[in-house]
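As structure tokens, the structure follows; a few thoughts come after it.
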Amino acid sequence: AFIILFIIDPVLTFTIPILIPPFFIVMKWVGRRLRVLGRQVRRAEVDIVWMAESDIEILPAIKAFAVEGEHRSRYAAAIEKARLLKLKQVGITAFIGPVVALVAAIAAIVILVTGSAQVQDGARSPSEMFAFLFYAALLTRPVGSLADTYGRFQIAKGTLARLEAVFAMRPEPGYDRKRRIERARGAIAIDAVSFAYPGRPAVLTNASLAIAPGETIALTGDNGIGKSTLVNLILRFYQPDQGRITLDGVDISDLQVQDLRRQFGYVPQRPLLAYGSIAENIAFGCPDPDPAAIEKAARLAQAWEFIERLPRGLATEIGDGGVRLSGGQRQRLALARALFRDPPIYIFDEATSMFDLDGETAFIQSCADLLTDRTVIIITHRPASLALADRIIKVTPQGFTVIEQAEEKARR
Ligand SMILES: Nc1ncnc2c1ncn2[C@@H]1O[C@H](COP(=O)(O)OP(=O)(O)OP(=O)(O)O)[C@@H](O)[C@H]1O
Ligand SMILES: [Mg+2]
């Protein structure tokens with residue numbers, strides 16, 4: 001259509017583009033608004049999902065504190081915010097159509113005024129003039145859909161900015177390390193390590209501690225002092241800001257990270273269980289486990305007694321739709337999972353904190369042999385577990401202080 005317009009009247013064809021700059025400015029403004037809105041809408045939607053997820057997780061707390069109303073209105077407000085933003089977005093997108101129509105109408109008037117003057121002068125025939133108008137009209141539709149596509153593109157661009165932030169996250173380092181390790185002896189050295197979580201005050205400052213293979217260390221210290229943080233560093237969930245941690249003399253940041261983590265039987269402070277059966281949770285990630293080994297681990301962790309009493313035993317499903325376990329039972333399963341792996345090093349972060357006293361004593365007695373020739377780090381405040389340790393070490397803001405050695409204990 002543009003070529004035909006040019007053939008009919010090149011001068012008039014090029015007067016129309018005069019309209020382009022104002023049109024461009026308007027579209028630019030619309031584009032920027034749409035981009036920002038695209039980003040805001042996405043963020044509002046993420047907020048809704050996040051809020052729903054967290055509220056479902058803490059449902060018992062919401063009920064127990066009778067704050068259903070507050071949480072309902074908080075959720076409703078989040079939805080309303082997203083709705084209003086979306087409405088604005090749709091409104092501006094709808095604005096594009098009329099703008100294009102307006103520009104087209106102005107163009108038509110320009111053509112009519114100049115064209116009819118030419119017809120009166122006899123410079124142009126009425127049929128030419130009509131054909132010109134017709135082809136110009138033909139052009140409005142592609143221009144309109146182009147503008148529409150531009151609007152959508154800008155929304156997508158705003159959304160993409162958020163996705164880019166996700167894609168820009170770097171994968172955990174360490175999977176590409178060449179240094180492999182089969183089974184560690186279990187010497188761990190924390191060497192002048194300083195660490196702070198991003199944007200937070202320092203947790204560890206120039207802290208050093210050497211743990212010999214086969215040694216059992218108990219870590220104590222105030223809540224929030226950095227005991228679990230030290231474990232996060234040893235397992236390389238985080239990396240020290242300064243200093244280094246070695247396993248059998250090798251800097252753990254040089255080790256293939258999965259090899260490193262395979263050396264540990266780790267019971268986190270908050271027992272994390274997967275959907276699935278009890279057996280699957282104990283033989284976590286082991287495709288073809290030996291049932292006898294599962295039973296052995298469960299017995300050591302003092303979990304066998306309650307598992308046996310369940311109607312389907314090891315095959316019992318846990319979690320939603322399955323059996324609900326008590327806090328202590330969950331902890332016993334988490335412990336059984338760590339023992340099942342049979343690793344050279346154990347890390348128990350308050351692993352028996354929910355055990356009843358008899359259960360804890362029974363666990364310590366049945367595991368005493370198993371633990372003697374392995375490196376064990378027990379984070380605990382409970383006297384029975386502390387009694388297992390060769391050294392009791394207190395974590396303080398200044399670092400690690402040995403507060404009791406095995407020889408002292410023997411002397412008493
Ligand atoms: N993932 C994290 N991001 C930011 N700060 C954290 C994180 N985890 C812990 N912290 C902070 O680091 C400090 C040490 O926490 P850590 O969990 O190591 O304490 P802890 O000694 O294990 O305490 P507790 O006895 O209560 O288990 C705390 O002040 C805590 O707020
Ligand atoms: Mg902790």
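Chain identifiers are assigned as A, B, and so on, following the order in which chains appear in the structure tokens; residues are numbered from 1 within each chain, and ligands are numbered from 1 in order of appearance.
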Item to complete: Could you report the residues within 10 Å of ligand 1, using only C-alpha atoms and all ligand atoms, as a PyMOL selection string?
Response: chain A and resi 195-204+219-233+237-238+268-270+349-350+379-381+395-396
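Near Val113 of chain A, within a cut-off of 12 Å and counting only C-alpha atoms, sit the residues Leu12, Ile106, Ala107, Ala108, Gln118, Val119, Gln120, Met129 and Leu133 of chain A, with same-chain residues fewer than 5 positions away left out.
Here the question is which of A:Lys81, A:Arg262, A:Arg72, A:Arg141 gets nearest to Ala44 of chain A using only C-alpha atoms, and that residue is A:Lys81.
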Practice prompt. With a distance cut-off of 12 Å and only C-alpha atoms, select the neighbouring residues of Phe264 of chain A, excluding the residue or stretch itself and same-chain residues fewer than 4 positions from it, and output the selection as a PyMOL selection string.
Written response: chain A and resi 183-186+188+231+234-236+247+257-260+268+337-348+374-377
Discussion item. Which residues are close to Ala78 of chain A, i.e. within 12 Å by only C-alpha atoms, leaving aside same-chain residues fewer than 6 positions away? Reply as a count of residues only.
Written reply: 15
For the structure I just gave you, how does DSSP split segment 79-299 of chain A - specifically, which residues are strand (DSSP E)? Reply as an mmCIF file with all heavy atoms, in the first residue's frame.
data_model
loop_
_atom_site.group_PDB
_atom_site.id
_atom_site.type_symbol
_atom_site.label_atom_id
_atom_site.label_comp_id
_atom_site.auth_asym_id
_atom_site.auth_seq_id
_atom_site.Cartn_x
_atom_site.Cartn_y
_atom_site.Cartn_z
ATOM 1 N N ILE A 188 39.054 -32.405 60.294
ATOM 2 C CA ILE A 188 38.466 -31.133 59.854
ATOM 3 C C ILE A 188 39.227 -30.001 60.530
ATOM 4 O O ILE A 188 39.416 -30.020 61.750
ATOM 5 C CB ILE A 188 36.977 -31.050 60.243
ATOM 6 C CG1 ILE A 188 36.204 -32.184 59.571
ATOM 7 C CG2 ILE A 188 36.388 -29.700 59.863
ATOM 8 C CD1 ILE A 188 34.790 -32.321 60.069
ATOM 9 N N ALA A 189 39.674 -29.038 59.736
ATOM 10 C CA ALA A 189 40.342 -27.880 60.332
ATOM 11 C C ALA A 189 39.655 -26.605 59.880
ATOM 12 O O ALA A 189 39.429 -26.391 58.681
ATOM 13 C CB ALA A 189 41.810 -27.868 59.935
ATOM 14 N N ILE A 190 39.295 -25.798 60.879
ATOM 15 C CA ILE A 190 38.742 -24.478 60.586
ATOM 16 C C ILE A 190 39.882 -23.514 60.834
ATOM 17 O O ILE A 190 40.427 -23.463 61.939
ATOM 18 C CB ILE A 190 37.529 -24.194 61.486
ATOM 19 C CG1 ILE A 190 36.392 -25.137 61.059
ATOM 20 C CG2 ILE A 190 37.059 -22.758 61.382
ATOM 21 C CD1 ILE A 190 35.751 -25.807 62.203
ATOM 22 N N ASP A 191 40.256 -22.811 59.782
ATOM 23 C CA ASP A 191 41.513 -22.095 59.826
ATOM 24 C C ASP A 191 41.263 -20.593 59.644
ATOM 25 O O ASP A 191 41.058 -20.122 58.529
ATOM 26 C CB ASP A 191 42.403 -22.660 58.698
ATOM 27 C CG ASP A 191 43.812 -22.127 58.763
ATOM 28 O OD1 ASP A 191 44.112 -21.389 59.715
ATOM 29 O OD2 ASP A 191 44.586 -22.440 57.839
ATOM 30 N N ALA A 192 41.260 -19.860 60.765
ATOM 31 C CA ALA A 192 41.099 -18.393 60.756
ATOM 32 C C ALA A 192 39.911 -17.945 59.919
ATOM 33 O O ALA A 192 40.020 -17.073 59.060
ATOM 34 C CB ALA A 192 42.385 -17.731 60.274
ATOM 35 N N VAL A 193 38.785 -18.550 60.174
ATOM 36 C CA VAL A 193 37.613 -18.287 59.341
ATOM 37 C C VAL A 193 36.816 -17.086 59.867
ATOM 38 O O VAL A 193 36.530 -16.977 61.054
ATOM 39 C CB VAL A 193 36.700 -19.535 59.282
ATOM 40 C CG1 VAL A 193 35.314 -19.173 58.768
ATOM 41 C CG2 VAL A 193 37.322 -20.604 58.397
ATOM 42 N N SER A 194 36.490 -16.178 58.953
ATOM 43 C CA SER A 194 35.553 -15.092 59.249
ATOM 44 C C SER A 194 34.376 -15.236 58.294
ATOM 45 O O SER A 194 34.554 -15.578 57.126
ATOM 46 C CB SER A 194 36.199 -13.729 59.046
ATOM 47 O OG SER A 194 37.285 -13.601 59.937
ATOM 48 N N PHE A 195 33.195 -14.979 58.832
ATOM 49 C CA PHE A 195 32.020 -15.117 57.979
ATOM 50 C C PHE A 195 30.878 -14.233 58.470
ATOM 51 O O PHE A 195 30.631 -14.109 59.667
ATOM 52 C CB PHE A 195 31.532 -16.575 57.954
ATOM 53 C CG PHE A 195 30.257 -16.746 57.184
ATOM 54 C CD1 PHE A 195 30.261 -16.735 55.790
ATOM 55 C CD2 PHE A 195 29.036 -16.882 57.845
ATOM 56 C CE1 PHE A 195 29.081 -16.867 55.078
ATOM 57 C CE2 PHE A 195 27.853 -17.029 57.124
ATOM 58 C CZ PHE A 195 27.882 -17.020 55.742
ATOM 59 N N ALA A 196 30.208 -13.593 57.527
ATOM 60 C CA ALA A 196 28.964 -12.875 57.809
ATOM 61 C C ALA A 196 27.975 -13.229 56.714
ATOM 62 O O ALA A 196 28.365 -13.382 55.557
ATOM 63 C CB ALA A 196 29.217 -11.374 57.823
ATOM 64 N N ALA A 202 29.045 -9.702 61.375
ATOM 65 C CA ALA A 202 29.858 -10.918 61.364
ATOM 66 C C ALA A 202 29.333 -11.936 62.374
ATOM 67 O O ALA A 202 28.924 -11.582 63.479
ATOM 68 C CB ALA A 202 31.303 -10.567 61.675
ATOM 69 N N VAL A 203 29.312 -13.196 61.993
ATOM 70 C CA VAL A 203 28.959 -14.276 62.914
ATOM 71 C C VAL A 203 30.249 -14.883 63.476
ATOM 72 O O VAL A 203 30.402 -15.044 64.678
ATOM 73 C CB VAL A 203 28.105 -15.355 62.217
ATOM 74 C CG1 VAL A 203 27.732 -16.445 63.205
ATOM 75 C CG2 VAL A 203 26.834 -14.747 61.615
ATOM 76 N N LEU A 204 31.177 -15.217 62.587
ATOM 77 C CA LEU A 204 32.467 -15.753 63.027
ATOM 78 C C LEU A 204 33.566 -14.781 62.625
ATOM 79 O O LEU A 204 33.549 -14.243 61.526
ATOM 80 C CB LEU A 204 32.735 -17.117 62.374
ATOM 81 C CG LEU A 204 31.754 -18.241 62.704
ATOM 82 C CD1 LEU A 204 32.044 -19.452 61.831
ATOM 83 C CD2 LEU A 204 31.844 -18.611 64.177
ATOM 84 N N THR A 205 34.515 -14.546 63.543
ATOM 85 C CA THR A 205 35.630 -13.658 63.234
ATOM 86 C C THR A 205 36.927 -14.367 63.601
ATOM 87 O O THR A 205 37.152 -14.688 64.764
ATOM 88 C CB THR A 205 35.519 -12.350 64.039
ATOM 89 O OG1 THR A 205 34.177 -11.875 63.929
ATOM 90 C CG2 THR A 205 36.461 -11.292 63.513
ATOM 91 N N ASN A 206 37.703 -14.654 62.574
ATOM 92 C CA ASN A 206 39.035 -15.241 62.772
ATOM 93 C C ASN A 206 38.985 -16.471 63.695
ATOM 94 O O ASN A 206 39.773 -16.599 64.616
ATOM 95 C CB ASN A 206 39.957 -14.157 63.350
ATOM 96 C CG ASN A 206 41.414 -14.529 63.177
ATOM 97 O OD1 ASN A 206 41.733 -15.359 62.313
ATOM 98 N ND2 ASN A 206 42.283 -13.963 63.992
ATOM 99 N N ALA A 207 38.045 -17.351 63.436
ATOM 100 C CA ALA A 207 37.848 -18.504 64.316
ATOM 101 C C ALA A 207 38.630 -19.711 63.806
ATOM 102 O O ALA A 207 38.656 -19.972 62.609
ATOM 103 C CB ALA A 207 36.366 -18.851 64.384
ATOM 104 N N SER A 208 39.286 -20.409 64.723
ATOM 105 C CA SER A 208 40.062 -21.590 64.346
ATOM 106 C C SER A 208 39.741 -22.761 65.265
ATOM 107 O O SER A 208 39.514 -22.575 66.465
ATOM 108 C CB SER A 208 41.565 -21.302 64.424
ATOM 109 O OG SER A 208 41.914 -20.317 63.482
ATOM 110 N N LEU A 209 39.724 -23.946 64.679
ATOM 111 C CA LEU A 209 39.450 -25.150 65.452
ATOM 112 C C LEU A 209 39.929 -26.341 64.633
ATOM 113 O O LEU A 209 39.652 -26.434 63.444
ATOM 114 C CB LEU A 209 37.938 -25.266 65.709
ATOM 115 C CG LEU A 209 37.432 -26.515 66.431
ATOM 116 C CD1 LEU A 209 37.898 -26.507 67.876
ATOM 117 C CD2 LEU A 209 35.904 -26.573 66.388
ATOM 118 N N ALA A 210 40.673 -27.234 65.287
ATOM 119 C CA ALA A 210 41.112 -28.441 64.583
ATOM 120 C C ALA A 210 40.444 -29.644 65.212
ATOM 121 O O ALA A 210 40.462 -29.815 66.436
ATOM 122 C CB ALA A 210 42.629 -28.564 64.656
ATOM 123 N N ILE A 211 39.834 -30.462 64.375
ATOM 124 C CA ILE A 211 39.154 -31.657 64.870
ATOM 125 C C ILE A 211 39.868 -32.871 64.278
ATOM 126 O O ILE A 211 40.025 -32.985 63.063
ATOM 127 C CB ILE A 211 37.674 -31.656 64.453
ATOM 128 C CG1 ILE A 211 36.988 -30.359 64.943
ATOM 129 C CG2 ILE A 211 36.946 -32.880 65.008
ATOM 130 C CD1 ILE A 211 35.585 -30.153 64.402
ATOM 131 N N THR A 216 35.190 -36.848 68.915
ATOM 132 C CA THR A 216 33.813 -36.386 69.088
ATOM 133 C C THR A 216 33.841 -35.031 69.785
ATOM 134 O O THR A 216 34.362 -34.907 70.886
ATOM 135 C CB THR A 216 32.988 -37.380 69.930
ATOM 136 O OG1 THR A 216 32.932 -38.635 69.238
ATOM 137 C CG2 THR A 216 31.575 -36.873 70.145
ATOM 138 N N ILE A 217 33.308 -34.040 69.082
ATOM 139 C CA ILE A 217 33.310 -32.663 69.573
ATOM 140 C C ILE A 217 31.882 -32.268 69.921
ATOM 141 O O ILE A 217 30.974 -32.515 69.127
ATOM 142 C CB ILE A 217 33.796 -31.717 68.451
ATOM 143 C CG1 ILE A 217 35.266 -31.952 68.144
ATOM 144 C CG2 ILE A 217 33.528 -30.269 68.784
ATOM 145 C CD1 ILE A 217 36.174 -31.347 69.169
ATOM 146 N N ALA A 218 31.700 -31.695 71.095
ATOM 147 C CA ALA A 218 30.381 -31.117 71.388
ATOM 148 C C ALA A 218 30.497 -29.606 71.302
ATOM 149 O O ALA A 218 31.423 -29.017 71.871
ATOM 150 C CB ALA A 218 29.919 -31.537 72.777
ATOM 151 N N LEU A 219 29.595 -28.986 70.554
ATOM 152 C CA LEU A 219 29.596 -27.523 70.451
ATOM 153 C C LEU A 219 28.416 -26.988 71.246
ATOM 154 O O LEU A 219 27.288 -27.452 71.084
ATOM 155 C CB LEU A 219 29.429 -27.082 68.998
ATOM 156 C CG LEU A 219 30.592 -27.222 68.032
ATOM 157 C CD1 LEU A 219 30.163 -26.689 66.662
ATOM 158 C CD2 LEU A 219 31.806 -26.457 68.520
ATOM 159 N N THR A 220 28.700 -26.044 72.127
ATOM 160 C CA THR A 220 27.601 -25.382 72.835
ATOM 161 C C THR A 220 27.765 -23.881 72.623
ATOM 162 O O THR A 220 28.708 -23.435 71.989
ATOM 163 C CB THR A 220 27.621 -25.682 74.347
ATOM 164 O OG1 THR A 220 28.842 -25.180 74.886
ATOM 165 C CG2 THR A 220 27.508 -27.157 74.623
ATOM 166 N N GLN A 242 36.739 -15.052 54.866
ATOM 167 C CA GLN A 242 38.194 -15.131 55.013
ATOM 168 C C GLN A 242 38.550 -16.466 55.658
ATOM 169 O O GLN A 242 37.722 -17.048 56.347
ATOM 170 C CB GLN A 242 38.694 -14.010 55.922
ATOM 171 C CG GLN A 242 39.082 -12.753 55.166
ATOM 172 C CD GLN A 242 39.065 -11.543 56.060
ATOM 173 O OE1 GLN A 242 39.426 -11.653 57.225
ATOM 174 N NE2 GLN A 242 38.632 -10.432 55.521
ATOM 175 N N GLY A 243 39.801 -16.887 55.473
ATOM 176 C CA GLY A 243 40.232 -18.151 56.056
ATOM 177 C C GLY A 243 39.738 -19.317 55.229
ATOM 178 O O GLY A 243 39.140 -19.132 54.158
ATOM 179 N N ARG A 244 39.987 -20.521 55.714
ATOM 180 C CA ARG A 244 39.566 -21.686 54.936
ATOM 181 C C ARG A 244 39.239 -22.854 55.854
ATOM 182 O O ARG A 244 39.627 -22.877 57.034
ATOM 183 C CB ARG A 244 40.635 -22.083 53.923
ATOM 184 C CG ARG A 244 41.978 -22.328 54.587
ATOM 185 C CD ARG A 244 43.018 -22.735 53.591
ATOM 186 N NE ARG A 244 43.986 -23.604 54.274
ATOM 187 C CZ ARG A 244 44.678 -24.547 53.679
ATOM 188 N NH1 ARG A 244 44.536 -24.768 52.403
ATOM 189 N NH2 ARG A 244 45.515 -25.292 54.369
ATOM 190 N N ILE A 245 38.521 -23.790 55.298
ATOM 191 C CA ILE A 245 38.179 -25.004 56.030
ATOM 192 C C ILE A 245 38.749 -26.168 55.234
ATOM 193 O O ILE A 245 38.598 -26.218 54.008
ATOM 194 C CB ILE A 245 36.650 -25.141 56.168
ATOM 195 C CG1 ILE A 245 36.106 -23.960 56.984
ATOM 196 C CG2 ILE A 245 36.276 -26.473 56.821
ATOM 197 C CD1 ILE A 245 34.610 -23.921 57.093
ATOM 198 N N THR A 246 39.446 -27.066 55.936
ATOM 199 C CA THR A 246 40.022 -28.197 55.209
ATOM 200 C C THR A 246 39.445 -29.511 55.722
ATOM 201 O O THR A 246 39.049 -29.625 56.889
ATOM 202 C CB THR A 246 41.561 -28.251 55.370
ATOM 203 O OG1 THR A 246 41.870 -28.411 56.759
ATOM 204 C CG2 THR A 246 42.209 -26.997 54.845
ATOM 205 N N LEU A 247 39.394 -30.469 54.826
ATOM 206 C CA LEU A 247 39.029 -31.832 55.183
ATOM 207 C C LEU A 247 40.205 -32.709 54.790
ATOM 208 O O LEU A 247 40.616 -32.701 53.617
ATOM 209 C CB LEU A 247 37.757 -32.255 54.423
ATOM 210 C CG LEU A 247 37.329 -33.711 54.586
ATOM 211 C CD1 LEU A 247 36.962 -34.010 56.027
ATOM 212 C CD2 LEU A 247 36.152 -34.022 53.663
ATOM 213 N N VAL A 250 42.765 -30.890 52.769
ATOM 214 C CA VAL A 250 42.432 -30.287 51.473
ATOM 215 C C VAL A 250 41.370 -29.204 51.690
ATOM 216 O O VAL A 250 40.364 -29.443 52.368
ATOM 217 C CB VAL A 250 41.870 -31.347 50.503
ATOM 218 C CG1 VAL A 250 41.537 -30.709 49.160
ATOM 219 C CG2 VAL A 250 42.838 -32.499 50.350
ATOM 220 N N ASP A 251 41.629 -28.028 51.127
ATOM 221 C CA ASP A 251 40.643 -26.949 51.208
ATOM 222 C C ASP A 251 39.317 -27.448 50.605
ATOM 223 O O ASP A 251 39.296 -27.926 49.468
ATOM 224 C CB ASP A 251 41.159 -25.733 50.418
ATOM 225 C CG ASP A 251 40.305 -24.495 50.667
ATOM 226 O OD1 ASP A 251 39.098 -24.649 50.983
ATOM 227 O OD2 ASP A 251 40.844 -23.379 50.546
ATOM 228 N N PHE A 264 29.370 -36.731 54.940
ATOM 229 C CA PHE A 264 28.703 -36.354 56.179
ATOM 230 C C PHE A 264 27.358 -37.047 56.368
ATOM 231 O O PHE A 264 26.599 -37.211 55.418
ATOM 232 C CB PHE A 264 28.457 -34.839 56.203
ATOM 233 C CG PHE A 264 29.724 -34.035 56.206
ATOM 234 C CD1 PHE A 264 30.293 -33.608 55.007
ATOM 235 C CD2 PHE A 264 30.355 -33.726 57.398
ATOM 236 C CE1 PHE A 264 31.463 -32.878 55.006
ATOM 237 C CE2 PHE A 264 31.526 -32.989 57.402
ATOM 238 C CZ PHE A 264 32.082 -32.558 56.207
ATOM 239 N N GLY A 265 27.103 -37.445 57.605
ATOM 240 C CA GLY A 265 25.753 -37.821 58.008
ATOM 241 C C GLY A 265 25.244 -36.650 58.818
ATOM 242 O O GLY A 265 25.673 -36.432 59.947
ATOM 243 N N TYR A 266 24.391 -35.845 58.208
ATOM 244 C CA TYR A 266 24.024 -34.562 58.800
ATOM 245 C C TYR A 266 22.563 -34.593 59.239
ATOM 246 O O TYR A 266 21.679 -34.927 58.461
ATOM 247 C CB TYR A 266 24.269 -33.480 57.745
ATOM 248 C CG TYR A 266 23.663 -32.129 58.038
ATOM 249 C CD1 TYR A 266 23.893 -31.478 59.257
ATOM 250 C CD2 TYR A 266 22.901 -31.476 57.071
ATOM 251 C CE1 TYR A 266 23.353 -30.226 59.492
ATOM 252 C CE2 TYR A 266 22.366 -30.223 57.305
ATOM 253 C CZ TYR A 266 22.595 -29.601 58.517
ATOM 254 O OH TYR A 266 22.055 -28.364 58.748
ATOM 255 N N VAL A 267 22.343 -34.265 60.493
ATOM 256 C CA VAL A 267 20.970 -34.117 60.972
ATOM 257 C C VAL A 267 20.752 -32.636 61.237
ATOM 258 O O VAL A 267 21.343 -32.081 62.165
ATOM 259 C CB VAL A 267 20.723 -34.913 62.269
ATOM 260 C CG1 VAL A 267 19.263 -34.777 62.699
ATOM 261 C CG2 VAL A 267 21.069 -36.376 62.063
ATOM 262 N N GLY A 276 6.662 -39.402 50.987
ATOM 263 C CA GLY A 276 7.054 -40.760 50.647
ATOM 264 C C GLY A 276 6.995 -41.628 51.887
ATOM 265 O O GLY A 276 6.525 -41.204 52.946
ATOM 266 N N SER A 277 7.481 -42.845 51.754
ATOM 267 C CA SER A 277 7.380 -43.781 52.867
ATOM 268 C C SER A 277 8.511 -43.549 53.871
ATOM 269 O O SER A 277 9.470 -42.840 53.593
ATOM 270 C CB SER A 277 7.449 -45.213 52.350
ATOM 271 O OG SER A 277 8.754 -45.471 51.879
#
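Distance annotation: of A:Glu295, A:Ser385, A:Thr401, A:Ala351, the residue with the minimal separation from ligand 2 is A:Ala351; atom set is only C-alpha atoms and all ligand atoms.
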Using 12 Å as the limit and counting only C-alpha atoms, can you tabulate each residue of segment 307-349 of chain A that touches segment 359-363 of chain A, with its shortest atom-to-atom distance in Å and the two atoms involved, as a Markdown table?
| residue | atom | partner | partner_atom | distance |
| --- | --- | --- | --- | --- |
| A:Gly328 | CA | A:Gly359 | CA | 9.5 |
| A:Gln329 | CA | A:Gly359 | CA | 10.7 |
| A:Gln331 | CA | A:Glu360 | CA | 11.4 |
| A:Arg332 | CA | A:Gly359 | CA | 9.5 |
| A:Leu335 | CA | A:Phe363 | CA | 10.0 |
| A:Ala336 | CA | A:Phe363 | CA | 10.7 |
| A:Leu339 | CA | A:Phe363 | CA | 11.6 |
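Restricting the calculation to only C-alpha atoms and all ligand atoms, the smallest distance between ligand 2 and any of A:Ala66, A:Ser353, A:Ala387, A:Phe306 is found for A:Ser353.
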Worksheet entry | Nearby residues (only C-alpha atoms) at most 12 Å from Ala156 of chain A, same-chain spacing under 6 positions excluded, as a VMD selection string | chain A and resid 31 to 32 34 to 42 89 149 to 150 162 to 164
Discussion item. Restricting the calculation to only C-alpha atoms: of A:Ile294, A:Leu272, A:Leu314, A:Ala117, which residue gets closest to Ala334 of chain A?
Written reply: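 Of A:Ile294, A:Leu272, A:Leu314, A:Ala117, the one nearest Ala334 of chain A is A:Leu272, counting only C-alpha atoms.
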Item to complete: Extract the full set of helix (DSSP H, G or I) residues from segment 258-385 of chain A according to DSSP on the backbone, and format it as a PyMOL selection string.
Response: chain A and resi 258-262+278-282+291-300+304-309+313-315+327-340+357-372+383-385
Worksheet item: Of the residues A:Ile318, A:Ala61, A:Ile378, A:Gly174, which is the one nearest to ligand 2, using only C-alpha atoms and all ligand atoms?
Response: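 Of A:Ile318, A:Ala61, A:Ile378, A:Gly174, the one nearest ligand 2 is A:Ile378, counting only C-alpha atoms and all ligand atoms.
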Worksheet item: Of the candidates A:Asp254, A:Ala368, A:Ile8, A:Val30, which shows the shortest atom-to-atom distance to Ser127 of chain A, using only C-alpha atoms?
Response: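 Ranking A:Asp254, A:Ala368, A:Ile8, A:Val30 by distance to Ser127 of chain A, first place goes to A:Ile8.
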